[in-house]
Amino acid sequence: MGYALLNRTTVSVLLIIAIVVWGGFLWVLGIELTWEHAQPYSLTLAAITSCLWLFDKYIWKIWPVHKFVKRPDLNGTWRVSLQSSYKAPGSEEPVAAVDGFAVIRQTFSSMSIRLMTEQAESFLVASSFDIQTDGTTFVYGAYQSDPSIHLRSGISEIHYGSFRYKVIGRPPTQLIGHYWTDRNTNGSIALADRRNVYFDGYKEADDNWNAG
């Protein structure tokens, strides 16, 4: 999704190339090379990969680094309100607005979004950020929605969709946007009231939200 950090294999290859180039210049300059010069290789590789892991997991969202990264930190559980154009079989009116929760787990190089309502769950398949020159930030994504097994075979089947959220606030306080599905439906969606906790299911989130 957007930015991908180097993995250990890629770092190792780049480090070997750097060593070969560095050694070549030493040879051209007439400086004698020995195997002792290569001894710090494993330590250097470990240090670089550890730094990349720490940046990907934590450092990118810490001040002042996040001022330069400009990628919003969306981690946590958000309260969701969505209105769909979907009409239940036999009905002429769109279904009522639905409340739910969106759990976002994010690193610099990856992001997962699990949207949970009482009747369905959807999860992110792919996503990307669009950070414009004025700082306005959008999140684009594609997702799969899995309705409750009791709603399938006539009411609501597994389907796919895409969305665009606009990030509001610095730090973010809202995500607002639209979504479209392969069932020829669309709708509006708003995420707000973020909490710094992660839930695995709708009932767990709803119980804790009401208790909190």
# chains A, B, ... in the order shown; residues from 1 in each chain; ligands from 1
call {"tool": "select_by_dssp", "arguments": {"residues": "segment 45-106 of chain A", "states": "helix (DSSP H, G or I)", "output": "ChimeraX atom specification"}}
result
/A:45-57,59-61,65-69
call {"tool": "residues_around", "arguments": {"residues": "segment 120-135 of chain A", "least_positions_apart": "5", "cutoff": "7 Å", "atoms": "only C-alpha atoms", "output": "PDB file with N, CA and C atoms, in the first residue's frame"}}
result
ATOM      1  N   MET A   1       0.824  -1.178   0.000  1.00  0.00           N
ATOM      2  CA  MET A   1       0.000   0.000   0.000  1.00  0.00           C
ATOM      3  C   MET A   1       0.875   1.251   0.000  1.00  0.00           C
ATOM      4  N   GLY A   2       1.162   1.762  -1.140  1.00  0.00           N
ATOM      5  CA  GLY A   2       1.912   3.005  -1.188  1.00  0.00           C
ATOM      6  C   GLY A   2       3.395   2.800  -0.977  1.00  0.00           C
ATOM      7  N   SER A 112      -4.430  -2.282   7.910  1.00  0.00           N
ATOM      8  CA  SER A 112      -5.611  -3.128   7.842  1.00  0.00           C
ATOM      9  C   SER A 112      -6.790  -2.354   8.428  1.00  0.00           C
ATOM     10  N   ILE A 113      -7.941  -2.515   7.790  1.00  0.00           N
ATOM     11  CA  ILE A 113      -9.170  -1.907   8.293  1.00  0.00           C
ATOM     12  C   ILE A 113     -10.222  -3.009   8.344  1.00  0.00           C
ATOM     13  N   ARG A 114     -10.759  -3.263   9.524  1.00  0.00           N
ATOM     14  CA  ARG A 114     -11.857  -4.232   9.673  1.00  0.00           C
ATOM     15  C   ARG A 114     -13.081  -3.475  10.157  1.00  0.00           C
ATOM     16  N   LEU A 115     -14.093  -3.396   9.289  1.00  0.00           N
ATOM     17  CA  LEU A 115     -15.329  -2.693   9.623  1.00  0.00           C
ATOM     18  C   LEU A 115     -16.353  -3.719  10.094  1.00  0.00           C
ATOM     19  N   TYR A 140      -7.645   5.585  -0.133  1.00  0.00           N
ATOM     20  CA  TYR A 140      -8.392   4.788  -1.100  1.00  0.00           C
ATOM     21  C   TYR A 140      -8.229   3.318  -0.750  1.00  0.00           C
ATOM     22  N   GLY A 141      -9.275   2.536  -0.977  1.00  0.00           N
ATOM     23  CA  GLY A 141      -9.148   1.125  -0.654  1.00  0.00           C
ATOM     24  C   GLY A 141     -10.163   0.254  -1.369  1.00  0.00           C
ATOM     25  N   ALA A 142      -9.869  -1.035  -1.397  1.00  0.00           N
ATOM     26  CA  ALA A 142     -10.794  -2.060  -1.885  1.00  0.00           C
ATOM     27  C   ALA A 142     -11.003  -3.057  -0.752  1.00  0.00           C
ATOM     28  N   TYR A 143     -12.210  -3.572  -0.621  1.00  0.00           N
ATOM     29  CA  TYR A 143     -12.521  -4.434   0.519  1.00  0.00           C
ATOM     30  C   TYR A 143     -13.453  -5.577   0.124  1.00  0.00           C
ATOM     31  N   GLN A 144     -13.516  -6.571   0.996  1.00  0.00           N
ATOM     32  CA  GLN A 144     -14.476  -7.674   0.875  1.00  0.00           C
ATOM     33  C   GLN A 144     -15.400  -7.614   2.070  1.00  0.00           C
ATOM     34  N   SER A 145     -16.698  -7.741   1.826  1.00  0.00           N
ATOM     35  CA  SER A 145     -17.692  -7.722   2.893  1.00  0.00           C
ATOM     36  C   SER A 145     -18.288  -9.109   3.069  1.00  0.00           C
ATOM     37  N   ASP A 146     -18.287  -9.592   4.313  1.00  0.00           N
ATOM     38  CA  ASP A 146     -18.824 -10.919   4.639  1.00  0.00           C
ATOM     39  C   ASP A 146     -20.033 -10.775   5.555  1.00  0.00           C
ATOM     40  N   PRO A 147     -21.254 -10.837   4.995  1.00  0.00           N
ATOM     41  CA  PRO A 147     -22.449 -10.756   5.844  1.00  0.00           C
ATOM     42  C   PRO A 147     -22.556 -11.989   6.738  1.00  0.00           C
ATOM     43  N   SER A 148     -23.326 -11.850   7.800  1.00  0.00           N
ATOM     44  CA  SER A 148     -23.602 -12.994   8.674  1.00  0.00           C
ATOM     45  C   SER A 148     -24.182 -14.141   7.852  1.00  0.00           C
TER      46      SER A 148
END
call {"tool": "residues_around", "arguments": {"residues": "Gly201 of chain A", "least_positions_apart": "5", "cutoff": "12 Å", "atoms": "only C-alpha atoms", "output": "PyMOL selection string"}}
result
chain A and resi 77+100-103+114-122+206-208
call {"tool": "residues_around", "arguments": {"residues": "segment 177-186 of chain A", "least_positions_apart": "6", "cutoff": "7 Å", "atoms": "only C-alpha atoms", "output": "CSV table (one decimal) with C-alpha atoms, in the first residue's frame"}}
result
chain,number,residue,atom,x,y,z
A,84,SER,CA,-26.3,2.7,1.9
A,85,SER,CA,-28.4,2.9,-1.2
A,86,TYR,CA,-29.0,-0.9,-0.8
A,159,HIS,CA,-19.5,-8.8,-2.1
A,160,TYR,CA,-16.6,-6.5,-2.9
A,161,GLY,CA,-16.3,-2.7,-2.9
A,162,SER,CA,-14.1,0.3,-2.9
A,163,PHE,CA,-14.0,3.5,-0.9
A,164,ARG,CA,-12.5,6.9,-0.6
A,165,TYR,CA,-12.1,8.5,2.8
A,166,LYS,CA,-11.0,12.1,3.5
call {"tool": "residues_around", "arguments": {"residues": "segment 191-196 of chain A", "least_positions_apart": "4", "cutoff": "6 Å", "atoms": "only C-alpha atoms", "output": "CSV table (one decimal) with N, CA, C and O atoms, in the first residue's frame"}}
result
chain,number,residue,atom,x,y,z
A,76,GLY,N,-6.3,2.5,15.9
A,76,GLY,CA,-7.4,2.6,16.9
A,76,GLY,C,-8.7,2.0,16.4
A,76,GLY,O,-8.8,1.5,15.3
A,77,THR,N,-9.7,2.2,17.3
A,77,THR,CA,-11.1,1.8,16.9
A,77,THR,C,-11.9,3.0,16.8
A,77,THR,O,-11.9,3.9,17.7
A,78,TRP,N,-12.6,3.1,15.6
A,78,TRP,CA,-13.4,4.3,15.3
A,78,TRP,C,-14.9,3.9,15.3
A,78,TRP,O,-15.3,2.8,14.9
A,79,ARG,N,-15.8,4.8,15.8
A,79,ARG,CA,-17.2,4.6,15.7
A,79,ARG,C,-17.6,4.9,14.3
A,79,ARG,O,-17.2,6.0,13.7
A,80,VAL,N,-18.4,4.1,13.6
A,80,VAL,CA,-18.8,4.2,12.2
A,80,VAL,C,-20.3,4.5,12.1
A,80,VAL,O,-21.1,3.8,12.7
A,174,GLN,N,-11.6,12.6,12.3
A,174,GLN,CA,-12.7,12.1,11.5
A,174,GLN,C,-12.2,11.5,10.2
A,174,GLN,O,-11.1,12.0,9.7
A,175,LEU,N,-12.9,10.5,9.6
A,175,LEU,CA,-12.7,10.1,8.3
A,175,LEU,C,-14.1,10.1,7.6
A,175,LEU,O,-15.0,9.5,8.2
call {"tool": "residues_around", "arguments": {"residues": "Leu15 of chain A", "least_positions_apart": "6", "cutoff": "9 Å", "atoms": "only C-alpha atoms", "output": "list in words"}}
result
Tyr41, Thr44 and Leu45 of chain A
call {"tool": "residues_around", "arguments": {"residues": "Pro171 of chain A", "least_positions_apart": "6", "cutoff": "10 Å", "atoms": "only C-alpha atoms", "output": "PDB file with all heavy atoms, in the first residue's frame"}}
result
ATOM      1  N   PRO A  72      -0.813  10.232   7.991  1.00  0.00           N
ATOM      2  CA  PRO A  72      -1.607  10.301   9.221  1.00  0.00           C
ATOM      3  C   PRO A  72      -1.613   8.967   9.958  1.00  0.00           C
ATOM      4  O   PRO A  72      -1.634   7.897   9.345  1.00  0.00           O
ATOM      5  CB  PRO A  72      -3.010  10.652   8.710  1.00  0.00           C
ATOM      6  CG  PRO A  72      -3.046  10.126   7.313  1.00  0.00           C
ATOM      7  CD  PRO A  72      -1.651  10.323   6.780  1.00  0.00           C
ATOM      8  N   ASP A  73      -1.600   9.050  11.271  1.00  0.00           N
ATOM      9  CA  ASP A  73      -1.689   7.862  12.120  1.00  0.00           C
ATOM     10  C   ASP A  73      -3.165   7.622  12.424  1.00  0.00           C
ATOM     11  O   ASP A  73      -3.795   8.382  13.157  1.00  0.00           O
ATOM     12  CB  ASP A  73      -0.891   8.094  13.402  1.00  0.00           C
ATOM     13  CG  ASP A  73      -0.991   6.919  14.375  1.00  0.00           C
ATOM     14  OD1 ASP A  73      -1.530   5.862  13.978  1.00  0.00           O
ATOM     15  OD2 ASP A  73      -0.536   7.066  15.522  1.00  0.00           O
ATOM     16  N   LEU A  74      -3.711   6.528  11.875  1.00  0.00           N
ATOM     17  CA  LEU A  74      -5.137   6.231  12.013  1.00  0.00           C
ATOM     18  C   LEU A  74      -5.399   5.070  12.962  1.00  0.00           C
ATOM     19  O   LEU A  74      -6.526   4.579  13.062  1.00  0.00           O
ATOM     20  CB  LEU A  74      -5.736   5.908  10.636  1.00  0.00           C
ATOM     21  CG  LEU A  74      -5.523   6.963   9.548  1.00  0.00           C
ATOM     22  CD1 LEU A  74      -6.115   6.490   8.223  1.00  0.00           C
ATOM     23  CD2 LEU A  74      -6.121   8.306   9.951  1.00  0.00           C
TER      24      LEU A  74
END
